[in-house]
$ cat start03.cif   # mmCIF, C-alpha atoms
data_target
#
loop_
_atom_site.label_atom_id
_atom_site.label_comp_id
_atom_site.auth_asym_id
_atom_site.auth_seq_id
_atom_site.Cartn_x
_atom_site.Cartn_y
_atom_site.Cartn_z
CA MET A 1 115.49 69.72 97.28
CA SER A 2 112.69 68.06 99.23
CA ALA A 3 109.03 69.01 98.87
CA ASP A 4 108.97 70.01 102.58
CA ARG A 5 111.83 72.44 102.05
CA VAL A 6 110.10 74.03 99.04
CA VAL A 7 106.87 74.48 101.03
CA ALA A 8 108.80 76.04 103.92
CA ALA A 9 110.22 78.80 101.71
CA PRO A 10 107.91 81.83 102.14
CA ARG A 11 106.65 83.73 99.12
CA ILE A 12 108.01 87.28 99.07
CA GLY A 13 106.37 89.71 96.67
CA VAL A 14 108.81 92.26 95.24
CA SER A 15 107.56 95.38 93.47
CA THR A 16 108.96 96.06 90.00
CA TYR A 17 108.59 98.89 87.50
CA LEU A 18 108.12 99.27 83.77
CA GLU A 19 111.08 100.40 81.68
CA ARG A 20 111.98 100.45 78.00
CA ALA A 21 113.74 97.21 77.06
CA ARG A 22 115.47 96.22 73.80
CA GLN A 23 116.17 92.63 72.80
CA GLY A 24 116.87 91.68 69.22
CA VAL A 25 114.16 93.21 67.03
CA TRP A 26 111.98 94.08 70.05
CA ASP A 27 111.72 97.49 71.66
CA VAL A 28 109.04 97.35 74.35
CA ARG A 29 108.20 98.31 77.92
CA ALA A 30 108.96 95.49 80.31
CA ALA A 31 108.93 94.76 84.03
CA PHE A 32 112.35 95.62 85.47
CA LEU A 33 114.15 94.94 88.74
CA PRO A 34 117.87 94.73 89.55
CA GLU A 35 118.97 91.15 90.19
CA VAL A 36 120.45 92.05 93.59
CA TYR A 37 116.93 92.12 95.08
CA LEU A 38 116.25 88.59 93.87
CA ASN A 39 119.60 87.38 95.18
CA ALA A 40 118.90 88.94 98.57
CA VAL A 41 115.53 87.20 98.89
CA ALA A 42 116.74 83.82 97.62
CA GLY A 43 119.90 84.05 99.71
CA SER A 44 117.75 84.61 102.81
CA GLY A 45 115.56 81.56 102.29
CA GLY A 46 112.60 83.12 100.48
CA VAL A 47 111.10 82.81 97.01
CA ALA A 48 110.77 86.11 95.13
CA LEU A 49 107.56 86.76 93.18
CA LEU A 50 107.69 89.82 90.91
CA LEU A 51 104.84 92.35 91.06
CA PRO A 52 104.81 94.67 88.01
CA PRO A 53 102.48 97.71 87.91
CA GLN A 54 98.93 96.83 86.91
CA ALA A 55 95.34 97.73 87.76
CA GLU A 56 95.02 98.82 91.39
CA GLN A 57 91.96 96.64 91.99
CA HIS A 58 94.14 93.55 91.59
CA ALA A 59 96.32 94.40 94.61
CA ASP A 60 94.28 92.37 97.09
CA ILE A 61 94.43 89.34 94.80
CA ALA A 62 98.20 89.70 94.40
CA VAL A 63 98.80 90.09 98.13
CA ALA A 64 96.56 87.12 98.94
CA GLY A 65 99.20 84.81 97.46
CA LEU A 66 102.10 86.28 99.47
CA ASP A 67 103.72 85.76 102.85
CA GLY A 68 105.74 89.01 102.78
CA LEU A 69 106.21 92.15 100.67
CA ILE A 70 109.21 94.24 99.63
CA LEU A 71 108.65 97.75 98.24
CA THR A 72 111.77 98.50 96.23
CA GLY A 73 113.83 101.58 95.39
CA GLY A 74 113.60 103.72 92.26
CA ALA A 75 112.21 106.98 90.93
CA ASP A 76 110.75 109.72 93.13
CA VAL A 77 107.21 109.50 94.48
CA GLN A 78 104.93 112.14 92.94
CA PRO A 79 104.82 115.27 95.14
CA GLU A 80 101.19 115.73 94.12
CA LEU A 81 100.37 112.75 96.35
CA TYR A 82 101.39 114.71 99.45
CA GLY A 83 100.15 118.11 98.32
CA ALA A 84 103.48 119.70 97.37
CA GLU A 85 104.56 121.67 94.32
CA ARG A 86 107.02 119.83 92.09
CA HIS A 87 110.69 120.67 92.62
CA PRO A 88 112.79 121.09 89.44
CA GLN A 89 115.00 118.18 90.54
CA THR A 90 112.11 115.78 91.17
CA ASP A 91 111.85 112.85 88.75
CA ALA A 92 109.10 112.70 86.15
CA ALA A 93 105.92 111.20 87.57
CA ARG A 94 105.60 107.42 87.51
CA ILE A 95 101.84 107.40 87.97
CA ASP A 96 101.38 103.68 87.27
CA ARG A 97 104.02 102.64 89.77
CA ASP A 98 102.86 104.98 92.52
CA ALA A 99 99.24 103.84 92.20
CA TRP A 100 100.13 100.14 92.14
CA GLU A 101 102.56 100.23 95.06
CA LEU A 102 100.21 102.31 97.20
CA ALA A 103 97.51 99.74 96.49
CA LEU A 104 99.91 96.89 97.31
CA PHE A 105 100.92 98.48 100.60
CA ARG A 106 97.33 99.13 101.66
CA ALA A 107 96.35 95.58 100.72
CA ALA A 108 99.32 94.27 102.72
CA GLU A 109 98.21 96.33 105.72
CA ARG A 110 94.69 94.92 105.52
CA ARG A 111 96.12 91.41 105.54
CA ARG A 112 98.76 92.29 108.19
CA LEU A 113 101.48 91.06 105.86
CA PRO A 114 105.14 91.62 106.89
CA VAL A 115 106.59 94.52 104.86
CA LEU A 116 110.15 95.68 104.16
CA ALA A 117 110.29 99.07 102.41
CA ILE A 118 113.57 100.15 100.77
CA CYS A 119 114.57 103.73 99.84
CA ARG A 120 111.69 104.87 97.58
CA GLY A 121 109.63 102.20 99.34
CA LEU A 122 110.21 103.91 102.69
CA GLN A 123 109.16 107.23 101.19
CA LEU A 124 106.04 105.69 99.64
CA VAL A 125 105.03 104.21 103.00
CA ASN A 126 105.47 107.61 104.65
CA VAL A 127 103.26 109.25 102.01
CA ALA A 128 100.68 106.45 102.32
CA ARG A 129 100.50 107.22 106.04
CA GLY A 130 99.89 110.94 105.42
CA GLY A 131 103.49 112.14 105.70
CA THR A 132 105.53 114.34 103.36
CA LEU A 133 108.93 114.28 101.68
CA GLU A 134 111.83 116.70 101.32
CA GLN A 135 112.15 116.77 97.54
CA HIS A 136 115.82 117.76 97.22
CA LEU A 137 118.03 117.27 100.27
CA PRO A 138 120.90 119.45 99.01
CA ASP A 139 118.52 122.42 99.43
CA SER A 140 117.80 121.69 103.08
CA LEU A 141 120.97 119.89 104.19
CA GLY A 142 123.49 121.55 101.89
CA THR A 143 125.12 118.28 100.89
CA ASP A 144 125.14 115.64 98.15
CA ARG A 145 126.34 112.96 100.55
CA TYR A 146 123.38 110.69 99.88
CA ARG A 147 123.59 110.70 96.07
CA ILE A 148 126.99 111.22 94.55
CA GLY A 149 125.71 110.13 91.12
CA GLY A 150 127.09 108.03 88.31
CA GLY A 151 125.46 104.86 89.57
CA VAL A 152 127.88 104.77 92.51
CA PHE A 153 126.37 104.17 95.95
CA ALA A 154 127.53 106.60 98.62
CA GLU A 155 128.75 105.22 101.93
CA ASN A 156 127.20 106.69 105.08
CA GLU A 157 126.54 105.67 108.66
CA VAL A 158 123.21 105.65 110.45
CA ILE A 159 122.52 105.84 114.17
CA ILE A 160 120.05 103.14 115.21
CA GLU A 161 117.59 103.90 117.98
CA ALA A 162 117.71 101.51 120.95
CA GLU A 163 114.73 99.28 121.77
CA THR A 164 113.37 99.28 118.23
CA THR A 165 112.69 96.42 115.87
CA LEU A 166 115.62 97.64 113.78
CA SER A 167 117.97 97.48 116.77
CA GLN A 168 116.85 93.89 117.40
CA ILE A 169 117.86 93.07 113.81
CA LEU A 170 121.04 95.11 113.38
CA GLY A 171 122.09 96.03 116.91
CA ASP A 172 122.47 99.44 118.55
CA ASP A 173 125.84 100.40 117.07
CA ASP A 174 126.26 102.91 114.26
CA TYR A 175 125.68 101.01 111.03
CA PRO A 176 127.33 101.52 107.59
CA VAL A 177 124.90 101.81 104.67
CA HIS A 178 124.76 102.27 100.89
CA SER A 179 122.88 105.44 99.92
CA TYR A 180 121.49 106.62 96.59
CA HIS A 181 118.72 109.16 97.10
CA HIS A 182 118.18 112.91 96.94
CA GLN A 183 114.84 112.95 98.75
CA GLY A 184 113.99 112.09 102.34
CA ILE A 185 111.31 112.06 105.01
CA GLY A 186 109.74 115.41 105.81
CA ARG A 187 106.73 115.19 108.12
CA LEU A 188 106.50 111.70 109.58
CA GLY A 189 103.41 109.71 108.64
CA ASP A 190 100.81 108.47 111.11
CA GLY A 191 101.64 105.36 113.10
CA LEU A 192 105.33 105.41 112.19
CA VAL A 193 108.27 105.50 114.60
CA VAL A 194 111.76 106.68 113.67
CA SER A 195 114.25 103.85 114.23
CA ALA A 196 117.42 105.38 112.73
CA ARG A 197 118.83 108.75 111.73
CA SER A 198 122.07 110.02 110.26
CA ASP A 199 124.27 112.51 112.09
CA ASP A 200 122.60 115.46 110.32
CA GLY A 201 119.20 114.43 111.73
CA LEU A 202 117.78 112.95 108.52
CA VAL A 203 115.39 110.06 109.12
CA GLN A 204 117.05 106.89 107.85
CA ALA A 205 114.60 104.23 109.02
CA VAL A 206 111.06 103.90 110.32
CA GLU A 207 108.88 101.09 111.60
CA GLY A 208 105.24 100.60 112.37
CA ALA A 209 104.02 101.46 115.86
CA GLY A 210 101.35 98.74 115.82
CA ASP A 211 101.43 94.97 116.06
CA GLY A 212 102.17 94.27 112.39
CA TYR A 213 105.68 93.99 110.95
CA LEU A 214 106.69 97.10 109.00
CA VAL A 215 110.34 98.10 108.60
CA GLY A 216 111.43 100.84 106.21
CA VAL A 217 115.01 101.90 105.49
CA GLN A 218 116.26 104.82 103.42
CA TRP A 219 119.38 102.95 102.31
CA HIS A 220 119.88 99.98 99.96
CA PRO A 221 120.50 96.79 101.98
CA GLU A 222 120.34 94.68 98.82
CA GLU A 223 123.71 96.18 97.85
CA ASN A 224 125.43 94.60 100.87
CA SER A 225 125.74 90.90 100.08
CA ASP A 226 127.76 90.37 103.29
CA ASP A 227 124.85 91.35 105.53
CA ARG A 228 121.43 89.91 104.73
CA ARG A 229 119.93 90.43 108.19
CA LEU A 230 117.10 92.72 107.06
CA PHE A 231 116.05 90.24 104.38
CA GLU A 232 116.55 87.28 106.70
CA ASP A 233 114.31 88.87 109.31
CA LEU A 234 111.61 89.60 106.73
CA VAL A 235 111.77 85.98 105.53
CA SER A 236 111.54 84.78 109.15
CA GLN A 237 108.51 86.99 109.75
CA ALA A 238 106.97 85.80 106.47
CA ARG A 239 107.49 82.17 107.46
CA ALA A 240 105.76 82.82 110.78
CA PHE A 241 102.92 84.61 108.96
CA ALA A 242 102.46 81.63 106.64
CA ALA A 243 102.37 79.26 109.62
CA ARG A 244 99.69 81.36 111.33
CA GLN A 245 97.62 81.45 108.16
CA LYS A 246 97.87 77.68 107.85
CA GLU A 247 96.85 77.19 111.48
CA GLU A 248 93.88 79.55 111.17
CA ALA A 249 92.71 77.70 108.06
CA ARG A 250 92.40 74.41 109.96
#
$ encode --input "start03.cif" --output "structure tokens"
Amino acid sequence: MSADRVVAAPRIGVSTYLERARQGVWDVRAAFLPEVYLNAVAGSGGVALLLPPQAEQHADIAVAGLDGLILTGGADVQPELYGAERHPQTDAARIDRDAWELALFRAAERRRLPVLAICRGLQLVNVARGGTLEQHLPDSLGTDRYRIGGGVFAENEVIIEAETTLSQILGDDDYPVHSYHHQGIGRLGDGLVVSARSDDGLVQAVEGAGDGYLVGVQWHPEENSDDRRLFEDLVSQARAFAARQKEEAR
């Protein structure tokens, strides 16, 4: 691979989380992320850089070396962050991850970095913008259609809103998705626009209303290796961001 090709590959930061890991005689906490995220970034022309939870004050330094950011899926966002009482079905708090990813997102906003937020990432962005979450969708929707359990992704369809960034990426037709979540958007956060819903009205995607690139989806696009368009668009936006930064530095 030529040096020019390596330089042209934008650097995509991908949030990770700390989990217990065993290897040989070792039993430690370690940064964890499913490989499908890395494959999706690499397969779309980007270079994935892992961002494990650490001190919040380092977020600006971490983001300064990136051309794009992916906020990944995982455990529930703490309800305390949006002023709600904890539901019995809500996951145990992951204070380190919430604090780090909120700091990453805010640092990315300050730098106007392209952001793709996936499942939990979408929910975190909504909370960061002052919105709320429905903590257990079976209570409000009466269905388990979005999390059937057992590590099996549910299949659903979303209805994409016309004339949105998402429609430019995926088209206006109903779109099949892989779901694995029991929480969803409640009150929409400031400066966010709904770009997709499911047929029961649940928000399935949002995007930023401003000039920056912010796309959030409630489903798991990394699970669909046949359709990389969301990752490809992020990589394209990241490449353009890197080019602008290079031009401004001259």
$ resolve_selection --input "start03.cif" --expression "the PyMOL selection byres ((chain A and resi 220-234) around 9)" --output "short mmCIF file (atom, residue, chain, number, x, y, z; two decimals) with C-alpha atoms, in the coordinates of the input"
data_model
loop_
_atom_site.label_atom_id
_atom_site.label_comp_id
_atom_site.auth_asym_id
_atom_site.auth_seq_id
_atom_site.Cartn_x
_atom_site.Cartn_y
_atom_site.Cartn_z
CA ILE A 12 108.01 87.28 99.07
CA VAL A 36 120.45 92.05 93.59
CA TYR A 37 116.93 92.12 95.08
CA LEU A 38 116.25 88.59 93.87
CA ASN A 39 119.60 87.38 95.18
CA ALA A 40 118.90 88.94 98.57
CA VAL A 41 115.53 87.20 98.89
CA GLY A 43 119.90 84.05 99.71
CA SER A 44 117.75 84.61 102.81
CA GLY A 45 115.56 81.56 102.29
CA GLY A 46 112.60 83.12 100.48
CA GLY A 68 105.74 89.01 102.78
CA LEU A 69 106.21 92.15 100.67
CA ILE A 70 109.21 94.24 99.63
CA GLY A 73 113.83 101.58 95.39
CA PRO A 114 105.14 91.62 106.89
CA VAL A 115 106.59 94.52 104.86
CA LEU A 116 110.15 95.68 104.16
CA ILE A 118 113.57 100.15 100.77
CA CYS A 119 114.57 103.73 99.84
CA PHE A 153 126.37 104.17 95.95
CA LEU A 166 115.62 97.64 113.78
CA ILE A 169 117.86 93.07 113.81
CA LEU A 170 121.04 95.11 113.38
CA VAL A 177 124.90 101.81 104.67
CA HIS A 178 124.76 102.27 100.89
CA SER A 179 122.88 105.44 99.92
CA TYR A 180 121.49 106.62 96.59
CA TYR A 213 105.68 93.99 110.95
CA VAL A 215 110.34 98.10 108.60
CA VAL A 217 115.01 101.90 105.49
CA GLN A 218 116.26 104.82 103.42
CA TRP A 219 119.38 102.95 102.31
CA VAL A 235 111.77 85.98 105.53
CA SER A 236 111.54 84.78 109.15
CA GLN A 237 108.51 86.99 109.75
CA ALA A 238 106.97 85.80 106.47
CA ARG A 239 107.49 82.17 107.46
#
$ closest_atom_pairs --input "start03.cif" --of "segment 156-203 of chain A" --to "segment 129-133 of chain A" --cutoff "6 Å" --atoms "only C-alpha atoms" --output "JSON lines"
{"residue": "A:Gly184", "atom": "CA", "partner": "A:Leu133", "partner_atom": "CA", "distance": 5.6}
{"residue": "A:Ile185", "atom": "CA", "partner": "A:Leu133", "partner_atom": "CA", "distance": 4.7}
{"residue": "A:Gly186", "atom": "CA", "partner": "A:Leu133", "partner_atom": "CA", "distance": 4.4}
{"residue": "A:Arg187", "atom": "CA", "partner": "A:Thr132", "partner_atom": "CA", "distance": 5.0}
{"residue": "A:Leu188", "atom": "CA", "partner": "A:Gly131", "partner_atom": "CA", "distance": 4.9}
{"residue": "A:Gly189", "atom": "CA", "partner": "A:Gly131", "partner_atom": "CA", "distance": 3.8}
{"residue": "A:Asp190", "atom": "CA", "partner": "A:Arg129", "partner_atom": "CA", "distance": 5.2}
$ resolve_selection --input "start03.cif" --expression "the PyMOL selection byres ((chain A and resi 78) around 9)" --output "compact mmCIF listing (two decimals) with C-alpha atoms, in the frame of the given file"
# COMPACT_ATOMS: atom_id res chain seq x y z
CA ASP A 76 110.75 109.72 93.13
CA VAL A 77 107.21 109.50 94.48
CA PRO A 79 104.82 115.27 95.14
CA GLU A 80 101.19 115.73 94.12
CA LEU A 81 100.37 112.75 96.35
CA TYR A 82 101.39 114.71 99.45
CA ALA A 84 103.48 119.70 97.37
CA ARG A 86 107.02 119.83 92.09
CA THR A 90 112.11 115.78 91.17
CA ASP A 91 111.85 112.85 88.75
CA ALA A 92 109.10 112.70 86.15
CA ALA A 93 105.92 111.20 87.57
CA ARG A 94 105.60 107.42 87.51
CA ILE A 95 101.84 107.40 87.97
CA ASP A 98 102.86 104.98 92.52
$ atom_distance --input "start03.cif" --atom1 "atom CA of Ser15 of chain A" --atom2 "atom CA of Leu33 of chain A"
8.1 Å
$ atom_distance --input "start03.cif" --atom1 "atom CA of Tyr175 of chain A" --atom2 "atom CA of Ile160 of chain A"
7.3 Å
$ residues_near_point --input "start03.cif" --point "(117.8, 112.7, 105.4)" --cutoff "9 Å" --atoms "all atoms listed in the file" --output "list in words"
Glu134, Leu137, Leu141, Tyr146, His182, Gln183, Gly184, Ile185, Gly186, Arg197, Ser198, Asp200, Gly201, Leu202, Val203, Gln204 and Gln218 of chain A
$ write_last_selection --input "start03.cif" --atoms "C-alpha atoms" --output "mmCIF file, in the frame of the given file"
data_model
loop_
_atom_site.group_PDB
_atom_site.id
_atom_site.type_symbol
_atom_site.label_atom_id
_atom_site.label_comp_id
_atom_site.auth_asym_id
_atom_site.auth_seq_id
_atom_site.Cartn_x
_atom_site.Cartn_y
_atom_site.Cartn_z
ATOM 1 C CA GLU A 134 111.830 116.700 101.320
ATOM 2 C CA LEU A 137 118.030 117.270 100.270
ATOM 3 C CA LEU A 141 120.970 119.890 104.190
ATOM 4 C CA TYR A 146 123.380 110.690 99.880
ATOM 5 C CA HIS A 182 118.180 112.910 96.940
ATOM 6 C CA GLN A 183 114.840 112.950 98.750
ATOM 7 C CA GLY A 184 113.990 112.090 102.340
ATOM 8 C CA ILE A 185 111.310 112.060 105.010
ATOM 9 C CA GLY A 186 109.740 115.410 105.810
ATOM 10 C CA ARG A 197 118.830 108.750 111.730
ATOM 11 C CA SER A 198 122.070 110.020 110.260
ATOM 12 C CA ASP A 200 122.600 115.460 110.320
ATOM 13 C CA GLY A 201 119.200 114.430 111.730
ATOM 14 C CA LEU A 202 117.780 112.950 108.520
ATOM 15 C CA VAL A 203 115.390 110.060 109.120
ATOM 16 C CA GLN A 204 117.050 106.890 107.850
ATOM 17 C CA GLN A 218 116.260 104.820 103.420
#
$ resolve_selection --input "start03.cif" --expression "the PyMOL selection byres ((chain A and resi 53) around 8)" --output "ChimeraX atom specification"
/A:15-18,51-52,54-55,96-97,100-101
$ atom_distance --input "start03.cif" --atom1 "atom CA of Ala62 of chain A" --atom2 "atom CA of Arg250 of chain A"
22.6 Å
$ closest_residue --input "start03.cif" --among "A:Leu122, A:Ala242, A:Val127, A:Ala31" --to "Arg11 of chain A" --atoms "all atoms listed in the file"
A:Ala242
$ residues_around --input "start03.cif" --residues "Leu113 of chain A" --least-positions-apart "4" --cutoff "7 Å" --atoms "only C-alpha atoms" --output "JSON, numbers by chain"
{"A": [67, 68, 108, 109]}
$ closest_residue --input "start03.cif" --among "A:Leu192, A:Ala243, A:Ala64, A:Ala205" --to "Ser167 of chain A" --atoms "all atoms listed in the file"
A:Ala205
$ closest_residue --input "start03.cif" --among "A:Leu49, A:Phe32, A:Glu161, A:Asp27" --to "Gly13 of chain A" --atoms "only C-alpha atoms"
A:Leu49
$ decode --input "start03.cif" --residues "segment 217-228 of chain A" --atoms "all heavy atoms" --output "tab-separated table (two decimals), in the first residue's frame"
chain	number	residue	atom	x	y	z
A	217	VAL	N	-28.31	6.45	15.01
A	217	VAL	CA	-29.29	5.42	14.68
A	217	VAL	C	-29.49	4.51	15.89
A	217	VAL	O	-28.54	4.20	16.60
A	217	VAL	CB	-28.87	4.61	13.45
A	217	VAL	CG1	-28.81	5.51	12.21
A	217	VAL	CG2	-27.54	3.90	13.65
A	218	GLN	N	-30.73	4.07	16.08
A	218	GLN	CA	-31.04	3.22	17.22
A	218	GLN	C	-30.68	1.75	16.95
A	218	GLN	O	-30.56	0.95	17.87
A	218	GLN	CB	-32.53	3.34	17.56
A	218	GLN	CG	-33.00	2.59	18.79
A	218	GLN	CD	-32.29	3.03	20.05
A	218	GLN	OE1	-32.67	3.99	20.68
A	218	GLN	NE2	-31.25	2.30	20.45
A	219	TRP	N	-30.47	1.41	15.69
A	219	TRP	CA	-30.16	0.03	15.34
A	219	TRP	C	-28.64	-0.18	15.26
A	219	TRP	O	-27.86	0.71	15.57
A	219	TRP	CB	-30.82	-0.34	14.03
A	219	TRP	CG	-30.39	0.41	12.81
A	219	TRP	CD1	-29.37	0.09	11.95
A	219	TRP	CD2	-30.98	1.61	12.28
A	219	TRP	NE1	-29.28	1.01	10.94
A	219	TRP	CE2	-30.26	1.94	11.10
A	219	TRP	CE3	-32.04	2.44	12.67
A	219	TRP	CZ2	-30.57	3.07	10.32
A	219	TRP	CZ3	-32.35	3.55	11.90
A	219	TRP	CH2	-31.63	3.85	10.76
A	220	HIS	N	-28.24	-1.39	14.83
A	220	HIS	CA	-26.83	-1.78	14.80
A	220	HIS	C	-26.38	-2.01	13.36
A	220	HIS	O	-26.37	-3.14	12.86
A	220	HIS	CB	-26.60	-3.04	15.63
A	220	HIS	CG	-26.61	-2.80	17.10
A	220	HIS	ND1	-25.47	-2.52	17.81
A	220	HIS	CD2	-27.63	-2.75	17.98
A	220	HIS	CE1	-25.78	-2.33	19.09
A	220	HIS	NE2	-27.08	-2.46	19.22
A	221	PRO	N	-25.95	-0.95	12.66
A	221	PRO	CA	-25.53	-1.11	11.26
A	221	PRO	C	-24.27	-1.94	11.10
A	221	PRO	O	-24.03	-2.50	10.02
A	221	PRO	CB	-25.32	0.33	10.79
A	221	PRO	CG	-24.99	1.09	12.04
A	221	PRO	CD	-25.84	0.45	13.10
A	222	GLU	N	-23.47	-2.04	12.16
A	222	GLU	CA	-22.25	-2.85	12.07
A	222	GLU	C	-22.56	-4.34	11.88
A	222	GLU	O	-21.69	-5.11	11.45
A	222	GLU	CB	-21.37	-2.64	13.31
A	222	GLU	CG	-21.83	-3.33	14.58
A	222	GLU	CD	-22.96	-2.62	15.33
A	222	GLU	OE1	-23.45	-1.59	14.81
A	222	GLU	OE2	-23.35	-3.09	16.41
A	223	GLU	N	-23.79	-4.74	12.19
A	223	GLU	CA	-24.19	-6.14	12.05
A	223	GLU	C	-24.58	-6.49	10.62
A	223	GLU	O	-24.83	-7.67	10.33
A	223	GLU	CB	-25.34	-6.46	13.00
A	223	GLU	CG	-24.98	-6.39	14.47
A	223	GLU	CD	-23.94	-7.43	14.86
A	223	GLU	OE1	-23.97	-8.54	14.29
A	223	GLU	OE2	-23.10	-7.13	15.73
A	224	ASN	N	-24.66	-5.52	9.74
A	224	ASN	CA	-25.05	-5.76	8.35
A	224	ASN	C	-23.82	-5.56	7.45
A	224	ASN	O	-23.58	-4.46	6.96
A	224	ASN	CB	-26.18	-4.83	7.94
A	224	ASN	CG	-26.73	-5.14	6.56
A	224	ASN	OD1	-26.21	-6.01	5.86
A	224	ASN	ND2	-27.75	-4.42	6.16
A	225	SER	N	-23.08	-6.62	7.23
A	225	SER	CA	-21.85	-6.50	6.44
A	225	SER	C	-22.14	-6.27	4.96
A	225	SER	O	-21.22	-5.92	4.21
A	225	SER	CB	-20.99	-7.76	6.61
A	225	SER	OG	-21.70	-8.92	6.19
A	226	ASP	N	-23.39	-6.46	4.54
A	226	ASP	CA	-23.75	-6.25	3.14
A	226	ASP	C	-24.08	-4.79	2.83
A	226	ASP	O	-24.25	-4.43	1.66
A	226	ASP	CB	-24.95	-7.12	2.75
A	226	ASP	CG	-24.61	-8.60	2.77
A	226	ASP	OD1	-23.44	-8.95	2.49
A	226	ASP	OD2	-25.51	-9.41	3.08
A	227	ASP	N	-24.20	-3.97	3.86
A	227	ASP	CA	-24.56	-2.57	3.64
A	227	ASP	C	-23.74	-1.69	4.58
A	227	ASP	O	-24.06	-1.57	5.77
A	227	ASP	CB	-26.07	-2.36	3.88
A	227	ASP	CG	-26.53	-0.96	3.48
A	227	ASP	OD1	-25.68	-0.09	3.25
A	227	ASP	OD2	-27.75	-0.74	3.43
A	228	ARG	N	-22.69	-1.12	4.06
A	228	ARG	CA	-21.79	-0.29	4.85
A	228	ARG	C	-22.04	1.20	4.64
A	228	ARG	O	-21.20	2.03	5.00
A	228	ARG	CB	-20.34	-0.59	4.47
A	228	ARG	CG	-19.86	-2.01	4.75
A	228	ARG	CD	-19.83	-2.30	6.22
A	228	ARG	NE	-19.00	-3.45	6.54
A	228	ARG	CZ	-19.20	-4.25	7.56
A	228	ARG	NH1	-20.23	-4.04	8.35
A	228	ARG	NH2	-18.39	-5.26	7.80
